[in-house]
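Structure file data-v2.cif (mmCIF, C-alpha atoms (C1' of nucleotides)) is printed below.
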data_my_file
loop_
_atom_site.label_atom_id
_atom_site.label_comp_id
_atom_site.auth_asym_id
_atom_site.auth_seq_id
_atom_site.Cartn_x
_atom_site.Cartn_y
_atom_site.Cartn_z
CA MET A 1 -0.47 37.24 -11.62
CA ILE A 2 -2.40 36.49 -8.44
CA LEU A 3 -4.75 33.50 -8.19
CA HIS A 4 -7.31 32.99 -5.45
CA PRO A 5 -8.00 29.38 -4.50
CA ALA A 6 -11.34 28.25 -3.15
CA GLU A 7 -11.04 27.85 0.62
CA PRO A 8 -9.95 25.84 2.47
CA PHE A 9 -6.68 25.59 0.59
CA ASP A 10 -3.33 24.38 1.94
CA PHE A 11 -0.48 25.13 -0.45
CA ARG A 12 2.27 23.39 1.51
CA ARG A 13 0.32 20.21 2.03
CA THR A 14 -0.77 20.03 -1.61
CA LEU A 15 2.83 20.51 -2.74
CA ARG A 16 4.09 17.95 -0.30
CA PHE A 17 2.81 15.09 -2.39
CA ILE A 18 4.70 16.43 -5.41
CA LEU A 19 7.90 17.51 -3.71
CA SER A 20 8.64 15.20 -0.83
CA PRO A 21 7.48 11.75 -1.73
CA PRO A 22 7.70 9.05 0.91
CA VAL A 23 10.90 7.76 2.39
CA LEU A 24 11.56 4.37 0.90
CA ALA A 25 12.23 1.30 2.94
CA ASN A 26 15.96 1.63 2.31
CA GLY A 27 15.96 5.12 3.81
CA ARG A 28 16.33 7.00 0.54
CA ARG A 29 13.81 9.37 -0.91
CA PHE A 30 12.55 9.70 -4.43
CA GLU A 31 13.85 12.93 -5.74
CA PRO A 32 11.22 14.73 -7.83
CA LEU A 33 12.03 14.42 -11.52
CA LEU A 34 10.19 17.35 -13.03
CA ASP A 35 9.21 19.49 -10.05
CA HIS A 36 11.38 21.81 -8.02
CA PHE A 37 11.11 23.97 -4.95
CA GLU A 38 13.56 26.87 -4.77
CA GLU A 39 13.47 30.04 -2.71
CA GLY A 40 10.00 29.33 -1.41
CA GLU A 41 8.66 28.83 -4.90
CA TYR A 42 7.34 25.78 -6.71
CA ARG A 43 8.97 25.66 -10.15
CA ARG A 44 8.45 23.54 -13.20
CA ALA A 45 8.96 23.65 -16.95
CA ALA A 46 6.06 23.49 -19.38
CA GLU A 47 5.61 23.72 -23.09
CA ILE A 48 3.22 26.56 -23.82
CA GLU A 49 2.28 27.29 -27.43
CA GLY A 50 5.38 25.44 -28.58
CA LYS A 51 7.68 27.40 -26.29
CA LEU A 52 9.45 25.95 -23.29
CA VAL A 53 8.84 28.16 -20.26
CA ILE A 54 9.67 27.80 -16.59
CA TYR A 55 6.98 28.98 -14.23
CA GLY A 56 6.91 29.55 -10.51
CA VAL A 57 4.11 29.45 -7.94
CA SER A 58 4.43 30.85 -4.43
CA GLU A 59 2.15 31.85 -1.61
CA ASN A 60 1.32 35.52 -1.50
CA LEU A 61 1.50 36.01 2.24
CA SER A 62 0.68 39.72 2.20
CA ASP A 63 -2.89 38.85 1.34
CA SER A 64 -5.31 37.99 4.15
CA SER A 65 -7.12 35.26 2.21
CA PRO A 66 -5.07 32.51 0.54
CA ALA A 67 -3.53 33.74 -2.67
CA LEU A 68 -0.90 32.39 -5.03
CA ARG A 69 1.50 34.36 -7.15
CA VAL A 70 2.20 32.82 -10.55
CA ARG A 71 5.03 34.06 -12.74
CA ILE A 72 7.18 33.04 -15.65
CA LEU A 73 10.87 32.89 -14.80
CA SER A 74 12.16 32.50 -18.30
CA ASP A 75 11.00 34.19 -21.47
CA GLY A 76 8.69 36.48 -19.54
CA ARG A 77 8.29 39.38 -21.93
CA ASP A 78 5.31 37.93 -23.74
CA SER A 79 2.14 38.07 -21.63
CA ARG A 80 0.17 35.40 -23.48
CA PRO A 81 2.03 32.43 -21.97
CA LEU A 82 1.26 33.74 -18.50
CA GLU A 83 -2.47 33.30 -19.10
CA ALA A 84 -1.89 29.75 -20.24
CA VAL A 85 0.40 29.06 -17.29
CA ALA A 86 -2.20 30.41 -14.88
CA ALA A 87 -4.78 28.07 -16.38
CA LEU A 88 -2.35 25.18 -15.97
CA VAL A 89 -1.68 26.06 -12.34
CA ARG A 90 -5.42 26.37 -11.59
CA ARG A 91 -5.85 22.86 -12.90
CA GLN A 92 -2.67 21.42 -11.36
CA LEU A 93 -3.59 22.57 -7.87
CA ALA A 94 -7.37 22.22 -8.36
CA LEU A 95 -7.77 25.80 -7.18
CA ASP A 96 -11.45 26.10 -8.10
CA LEU A 97 -12.55 22.99 -6.26
CA ASP A 98 -14.73 23.47 -3.17
CA LEU A 99 -13.72 20.80 -0.68
CA LEU A 100 -16.35 21.62 1.94
CA PRO A 101 -18.96 19.16 0.60
CA PHE A 102 -16.32 16.43 0.89
CA TYR A 103 -15.52 17.36 4.46
CA ARG A 104 -19.20 17.30 5.35
CA LEU A 105 -19.23 13.57 4.49
CA GLY A 106 -17.32 13.14 7.74
CA SER A 107 -20.59 13.35 9.62
CA SER A 108 -21.48 9.85 8.41
CA ASP A 109 -17.98 8.35 8.47
CA PRO A 110 -15.64 8.77 11.46
CA VAL A 111 -12.59 7.84 9.41
CA LEU A 112 -13.28 10.56 6.87
CA ALA A 113 -13.99 12.98 9.66
CA ARG A 114 -10.47 12.53 11.11
CA LEU A 115 -8.77 12.58 7.72
CA ALA A 116 -10.62 15.76 6.82
CA ILE A 117 -9.19 17.45 9.89
CA HIS A 118 -5.65 16.26 9.30
CA PHE A 119 -5.48 16.91 5.57
CA ARG A 120 -7.70 19.98 5.50
CA GLY A 121 -7.14 22.09 2.41
CA MET A 122 -5.08 19.51 0.56
CA ARG A 123 -6.00 18.91 -3.09
CA ILE A 124 -5.10 15.94 -5.25
CA PRO A 125 -2.30 17.55 -7.24
CA GLN A 126 -3.08 16.99 -10.88
CA VAL A 127 -0.40 15.63 -13.17
CA ALA A 128 0.23 18.37 -15.74
CA ASN A 129 -0.93 16.30 -18.68
CA PRO A 130 -2.89 13.04 -18.86
CA TYR A 131 -0.33 11.45 -21.16
CA GLU A 132 2.35 11.78 -18.49
CA ALA A 133 0.01 10.28 -15.89
CA LEU A 134 -0.91 7.37 -18.14
CA VAL A 135 2.66 6.44 -19.04
CA SER A 136 3.77 6.81 -15.41
CA ALA A 137 0.93 4.61 -14.20
CA ILE A 138 1.89 1.86 -16.64
CA LEU A 139 5.46 2.03 -15.39
CA GLU A 140 4.17 1.75 -11.82
CA GLN A 141 2.07 -1.34 -12.45
CA GLN A 142 3.03 -4.23 -10.20
CA VAL A 143 6.72 -3.41 -9.66
CA ASN A 144 7.90 -1.71 -6.49
CA LEU A 145 7.72 2.06 -6.62
CA SER A 146 11.44 2.59 -6.30
CA PHE A 147 12.07 0.55 -9.43
CA ALA A 148 9.23 2.29 -11.28
CA HIS A 149 10.71 5.65 -10.34
CA GLN A 150 14.07 4.59 -11.72
CA ALA A 151 12.51 3.59 -15.06
CA LYS A 152 10.56 6.83 -15.22
CA ARG A 153 13.69 8.86 -14.65
CA ALA A 154 15.52 6.97 -17.39
CA LEU A 155 12.63 7.60 -19.78
CA ILE A 156 12.60 11.32 -19.01
CA GLU A 157 16.35 11.69 -19.32
CA ARG A 158 16.48 9.77 -22.57
CA TYR A 159 13.44 11.23 -24.38
CA GLY A 160 12.46 14.47 -22.65
CA ARG A 161 13.48 18.02 -23.49
CA VAL A 162 15.62 19.86 -20.99
CA THR A 163 16.44 23.49 -20.29
CA GLU A 164 18.57 25.31 -17.74
CA TYR A 165 17.56 28.00 -15.31
CA GLY A 166 19.60 29.36 -12.43
CA GLY A 167 22.13 26.56 -12.74
CA ARG A 168 19.48 23.86 -12.51
CA SER A 169 18.08 21.51 -15.14
CA TYR A 170 14.34 21.63 -15.82
CA ARG A 171 12.97 18.73 -17.77
CA LEU A 172 9.78 18.11 -19.66
CA PHE A 173 8.09 14.76 -19.71
CA PRO A 174 8.77 13.16 -23.13
CA SER A 175 6.26 13.96 -25.84
CA PRO A 176 4.13 11.18 -27.37
CA GLU A 177 5.96 11.88 -30.65
CA ALA A 178 9.35 11.15 -29.08
CA ILE A 179 8.21 7.88 -27.51
CA ALA A 180 6.27 6.83 -30.61
CA ARG A 181 9.55 6.92 -32.55
CA ALA A 182 11.27 4.60 -30.05
CA THR A 183 11.45 0.84 -30.46
CA PRO A 184 10.59 -1.70 -27.75
CA GLN A 185 14.28 -2.72 -27.71
CA GLU A 186 15.29 0.84 -26.84
CA LEU A 187 12.86 0.95 -23.93
CA ARG A 188 14.04 -2.46 -22.78
CA ARG A 189 17.47 -0.91 -22.23
CA LEU A 190 15.82 1.39 -19.67
CA GLN A 191 14.71 -1.76 -17.77
CA ILE A 192 11.13 -1.39 -18.96
CA SER A 193 9.61 -4.81 -19.60
CA GLY A 194 8.84 -5.89 -23.15
CA PRO A 195 5.04 -5.82 -22.73
CA LYS A 196 5.11 -2.42 -21.01
CA ALA A 197 7.38 -1.04 -23.74
CA ARG A 198 4.85 -2.12 -26.38
CA TYR A 199 1.92 -0.64 -24.43
CA ILE A 200 3.66 2.70 -24.00
CA ILE A 201 4.75 2.94 -27.62
CA GLY A 202 1.28 1.89 -28.80
CA ILE A 203 -0.42 4.57 -26.72
CA SER A 204 2.13 7.16 -27.82
CA SER A 205 1.54 6.48 -31.49
CA ALA A 206 -2.23 6.52 -31.01
CA VAL A 207 -1.90 9.99 -29.48
CA THR A 208 0.47 11.12 -32.23
CA LYS A 209 -1.85 9.90 -34.98
CA GLY A 210 -4.81 11.63 -33.40
CA ASP A 211 -6.62 8.37 -32.64
CA LEU A 212 -6.50 9.04 -28.91
CA ASP A 213 -7.41 12.43 -27.45
CA LEU A 214 -6.58 12.22 -23.75
CA GLU A 215 -7.44 15.87 -23.06
CA SER A 216 -11.03 15.24 -24.13
CA LEU A 217 -11.41 12.70 -21.32
CA ARG A 218 -11.45 15.58 -18.86
CA THR A 219 -14.83 16.91 -19.91
CA MET A 220 -16.34 13.45 -20.30
CA GLY A 221 -18.05 11.78 -17.37
CA SER A 222 -15.69 9.62 -15.34
CA ALA A 223 -17.37 6.31 -16.28
CA PRO A 224 -17.00 6.78 -20.07
CA ALA A 225 -13.50 8.18 -19.59
CA ILE A 226 -12.48 5.08 -17.64
CA GLU A 227 -14.09 2.85 -20.24
CA ARG A 228 -12.16 4.60 -23.02
CA LEU A 229 -8.89 4.21 -21.10
CA CYS A 230 -9.52 0.53 -20.37
CA ALA A 231 -9.92 -0.09 -24.09
CA LEU A 232 -6.21 0.68 -24.50
CA LYS A 233 -3.74 -2.19 -24.45
CA GLY A 234 -1.87 -2.13 -21.15
CA VAL A 235 -4.57 -0.21 -19.31
CA GLY A 236 -6.76 -2.01 -16.82
CA ASP A 237 -9.10 -0.90 -14.10
CA TRP A 238 -6.42 0.28 -11.72
CA THR A 239 -4.53 2.37 -14.27
CA ALA A 240 -7.70 3.96 -15.65
CA HIS A 241 -8.91 4.98 -12.19
CA TYR A 242 -5.48 6.30 -11.29
CA VAL A 243 -5.31 8.49 -14.40
CA ALA A 244 -8.86 9.72 -13.89
CA MET A 245 -8.19 10.88 -10.35
CA ARG A 246 -4.62 12.14 -10.80
CA ALA A 247 -4.87 13.87 -14.18
CA LEU A 248 -8.45 14.16 -15.43
CA GLY A 249 -9.82 15.88 -12.35
CA HIS A 250 -12.50 13.27 -11.67
CA CYS A 251 -13.30 13.40 -7.95
CA ASP A 252 -15.41 10.27 -7.63
CA CYS A 253 -13.15 7.43 -8.79
CA LEU A 254 -12.57 4.43 -6.61
CA PRO A 255 -9.65 2.12 -7.48
CA ALA A 256 -11.18 -0.62 -5.36
CA ALA A 257 -8.56 -3.17 -6.40
CA ASP A 258 -5.66 -0.99 -5.26
CA VAL A 259 -3.52 -2.73 -2.66
CA GLY A 260 -2.60 0.47 -0.84
CA LEU A 261 -6.24 1.49 -0.52
CA GLN A 262 -7.23 -1.96 0.69
CA LYS A 263 -4.53 -1.95 3.35
CA SER A 264 -5.48 1.49 4.53
CA VAL A 265 -9.17 0.58 4.66
CA GLN A 266 -8.33 -2.57 6.62
CA PHE A 267 -6.26 -0.57 9.08
CA PHE A 268 -8.65 2.30 9.78
CA TYR A 269 -11.93 0.43 9.54
CA GLY A 270 -10.62 -2.35 11.78
CA LEU A 271 -11.11 -5.28 9.42
CA ARG A 272 -9.61 -8.65 10.22
CA GLN A 273 -8.28 -9.15 6.68
CA GLN A 274 -7.53 -7.12 3.61
CA PRO A 275 -10.90 -6.30 2.00
CA PRO A 276 -11.63 -7.51 -1.55
CA PRO A 277 -12.77 -4.86 -4.06
CA ALA A 278 -16.45 -5.54 -3.43
CA ARG A 279 -16.00 -4.88 0.29
CA VAL A 280 -14.11 -1.65 -0.41
CA GLU A 281 -16.91 -0.50 -2.70
CA LYS A 282 -19.48 -1.24 -0.05
CA LEU A 283 -17.59 0.72 2.59
CA ALA A 284 -17.11 3.56 0.14
CA ARG A 285 -20.81 4.14 -0.21
CA HIS A 286 -20.41 6.96 2.30
CA TRP A 287 -17.87 8.63 0.08
CA THR A 288 -20.10 9.05 -2.97
CA GLY A 289 -19.10 12.05 -5.06
CA TRP A 290 -15.66 12.19 -3.45
CA ARG A 291 -14.28 8.69 -3.66
CA SER A 292 -11.07 9.89 -5.35
CA TYR A 293 -10.42 12.22 -2.44
CA ALA A 294 -11.17 9.61 0.19
CA THR A 295 -8.80 7.24 -1.59
CA PHE A 296 -6.10 9.83 -1.84
CA TYR A 297 -6.28 10.85 1.80
CA LEU A 298 -6.19 7.18 2.81
CA TRP A 299 -3.13 6.63 0.64
CA LEU A 300 -1.39 9.59 2.21
CA THR A 301 -1.74 8.23 5.72
CA TYR A 302 1.15 5.95 4.73
CA TRP A 303 3.36 9.02 4.40
CA GLU A 304 2.98 9.87 8.04
CA ASP A 305 4.96 7.91 10.57
CA THR A 306 3.60 4.72 12.05
CA SER A 307 2.95 6.14 15.51
CA TRP A 308 0.77 8.85 13.97
CA ARG A 309 -1.27 6.23 12.12
CA LEU A 310 -1.71 4.16 15.27
CA ALA A 311 -2.77 7.19 17.27
CA LEU A 312 -5.27 8.18 14.60
CA ARG A 313 -6.71 4.66 14.53
CA ASP A 314 -7.16 4.66 18.31
CA GLU A 315 -8.85 8.02 18.13
CA ILE A 316 -11.27 6.70 15.49
CA ARG A 317 -12.00 3.63 17.63
CA ARG A 318 -12.79 5.79 20.62
CA SER A 319 -15.08 8.03 18.61
CA ARG A 320 -16.93 4.92 17.37
CA LYS A 321 -17.41 3.62 20.92
CA ALA A 322 -18.60 7.01 22.09
CA ALA A 323 -21.16 7.04 19.28
CA LEU A 324 -22.68 3.75 20.42
CA PRO A 325 -25.98 4.08 22.28
"C1'" DG B 1 15.78 -18.93 -1.78
"C1'" DT B 2 10.85 -17.11 -1.75
"C1'" DC B 3 7.45 -13.66 -1.80
"C1'" DC B 4 5.53 -9.43 -2.83
"C1'" DA B 5 5.39 -4.81 -4.96
"C1'" DG B 6 0.14 1.02 -6.22
"C1'" DG B 7 -1.29 -4.81 -12.76
"C1'" DA B 8 -2.45 -6.43 -17.27
"C1'" DT B 9 -2.68 -9.75 -20.80
"C1'" DG B 10 -3.39 -13.99 -23.17
"C1'" DG B 11 -3.77 -18.78 -22.80
"C1'" DG B 12 -6.26 -22.99 -21.25
"C1'" DC B 13 -10.29 -24.88 -19.47
"C1'" DG C 1 -16.71 -16.87 -16.98
"C1'" DC C 2 -12.27 -18.30 -13.74
"C1'" DC C 3 -7.36 -19.69 -12.95
"C1'" DC C 4 -2.66 -19.32 -14.15
"C1'" DA C 5 1.86 -18.19 -16.12
"C1'" DT C 6 4.33 -14.37 -17.70
"C1'" DC C 7 6.66 -10.04 -17.40
"C1'" DA C 8 11.09 -7.22 -14.81
"C1'" DT C 9 13.55 -5.82 -10.76
"C1'" DG C 10 14.59 -4.89 -5.88
"C1'" DG C 11 13.81 -5.24 -1.14
"C1'" DA C 12 12.31 -7.81 2.94
#

Translate this structure into structure tokens?
Amino acid sequence: MILHPAEPFDFRRTLRFILSPPVLANGRRFEPLLDHFEEGEYRRAAEIEGKLVIYGVSENLSDSSPALRVRILSDGRDSRPLEAVAALVRRQLALDLDLLPFYRLGSSDPVLARLAIHFRGMRIPQVANPYEALVSAILEQQVNLSFAHQAKRALIERYGRVTEYGGRSYRLFPSPEAIARATPQELRRLQISGPKARYIIGISSAVTKGDLDLESLRTMGSAPAIERLCALKGVGDWTAHYVAMRALGHCDCLPAADVGLQKSVQFFYGLRQQPPPARVEKLARHWTGWRSYATFYLWLTYWEDTSWRLALRDEIRRSRKAALP
DNA sequence: GTCCAGGATGGGC
DNA sequence: GCCCATCATGGA
């Protein structure tokens, strides 16, 4: 099946966030846990209508406008799953989103203007399901990302389903049911802290019992969705904003208390010290409607090498000076 | 050894 | 309301 993304769309750049996460300080890389790239094709397992399928997404280069080919690599005789997979891919890669209004904000903000050029066509890749995003975000609270990644991998390997394709293992993120059955002691063995273990199990059982419908948060406005998330034990402002922008498709969320965002804002806007949340919110007034995207692009500048960041900052400074009367 | 990581909670005041 | 200890581990 062929899908046509809204232009501009950059497949490689959008996948880059999923497939080649940053080099850690110790020189290692996170290896992706659930996502794969083989033979020019992005591949991942998903549970569709109770069946575990592996799907693949690749660029259809024969087409003149950007086009993606979506197919099912396993269990492909039934056509119904393909429709569901296509819907998943549309959401995962935000194919229907028109980024041009975001890029036009660059006219009132020189930082955004440069980022829009560099990251043109890149979407915020959406985590396949909000539950996965929420649990991952809790694991990532406070601790360094390398440690969080380790805990997440242990959780997936212990509680997630797995299937084989082409000699490679494809895993699913654990279901809420599987985690709801676990005890805090079991999660402690995976180096997850006691409080975090209780939060994750609590959320999982709320989902299992039907008390918490994370999918419904997608169609809600972002403010009520964030409020609903913050009502959960273990979920604060940062986690709620993160889930909203990474999994619920909300484009105007600003995690103003995020350390990475604050550092990036300090660097590119030339502030003497790291800005407190109120200062970030004030600066972000130019980003209205697209604050998730501005945040995401600012985060990603850390993935480029330091000399690139310095060069970009100088360029922004020069453009500011040139704009002075 | 100390401090900080893509935080959140519950206690004391 | 604000301030603080606590949680877990690893890297600088």

Residues of chain C that approach chain A to 7 Å or less, counting all atoms listed in the file: could you list each one with the shortest pair of atoms and its distance in Å to one decimal, rows by chain and increasing residue number, as CSV?
residue,atom,partner,partner_atom,distance
C:DC7,C1',A:Ser193,CA,6.4
C:DA8,C1',A:Ser193,CA,5.6
C:DT9,C1',A:Phe147,CA,6.7
C:DG10,C1',A:Phe147,CA,7.0

Item to complete: Show which residues sit within 9 Å of DG7 of chain B, as number ranges by chain. Count all atoms listed in the file, and ignore same-chain residues fewer than 4 positions away.
Response: A: 138, 140-143, 234-239

Item to complete: Figure out the distance between atom CA of His149 of chain A and atom CA of Tyr131 of chain A, please, to one decimal in Å.
Response: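 Separation between atom CA of Tyr131 of chain A and atom CA of His149 of chain A: 16.5 Å.
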
Worksheet item: Within 9 Å of Leu68 of chain A, counting all atoms listed in the file, which residues qualify if same-chain residues fewer than 6 places away don't, as a list in words?
Response: Met1, Ile2, Leu3, His4, Pro5, Phe11, Val57, Ser58, Glu59, Asn60 and Leu61 of chain A

Write a file of the selected residues as a short mmCIF file (atom, residue, chain, number, x, y, z; two decimals), in the coordinates of the input, keeping C-alpha atoms.
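This went into result_4.cif:
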data_model
loop_
_atom_site.label_atom_id
_atom_site.label_comp_id
_atom_site.auth_asym_id
_atom_site.auth_seq_id
_atom_site.Cartn_x
_atom_site.Cartn_y
_atom_site.Cartn_z
CA MET A 1 -0.47 37.24 -11.62
CA ILE A 2 -2.40 36.49 -8.44
CA LEU A 3 -4.75 33.50 -8.19
CA HIS A 4 -7.31 32.99 -5.45
CA PRO A 5 -8.00 29.38 -4.50
CA PHE A 11 -0.48 25.13 -0.45
CA VAL A 57 4.11 29.45 -7.94
CA SER A 58 4.43 30.85 -4.43
CA GLU A 59 2.15 31.85 -1.61
CA ASN A 60 1.32 35.52 -1.50
CA LEU A 61 1.50 36.01 2.24
#

Worksheet item: Mind telling me what the PyMOL selection byres ((chain B) within 12 of (chain A)) catches here, as a PyMOL selection string?
Response: chain B and resi 4-10
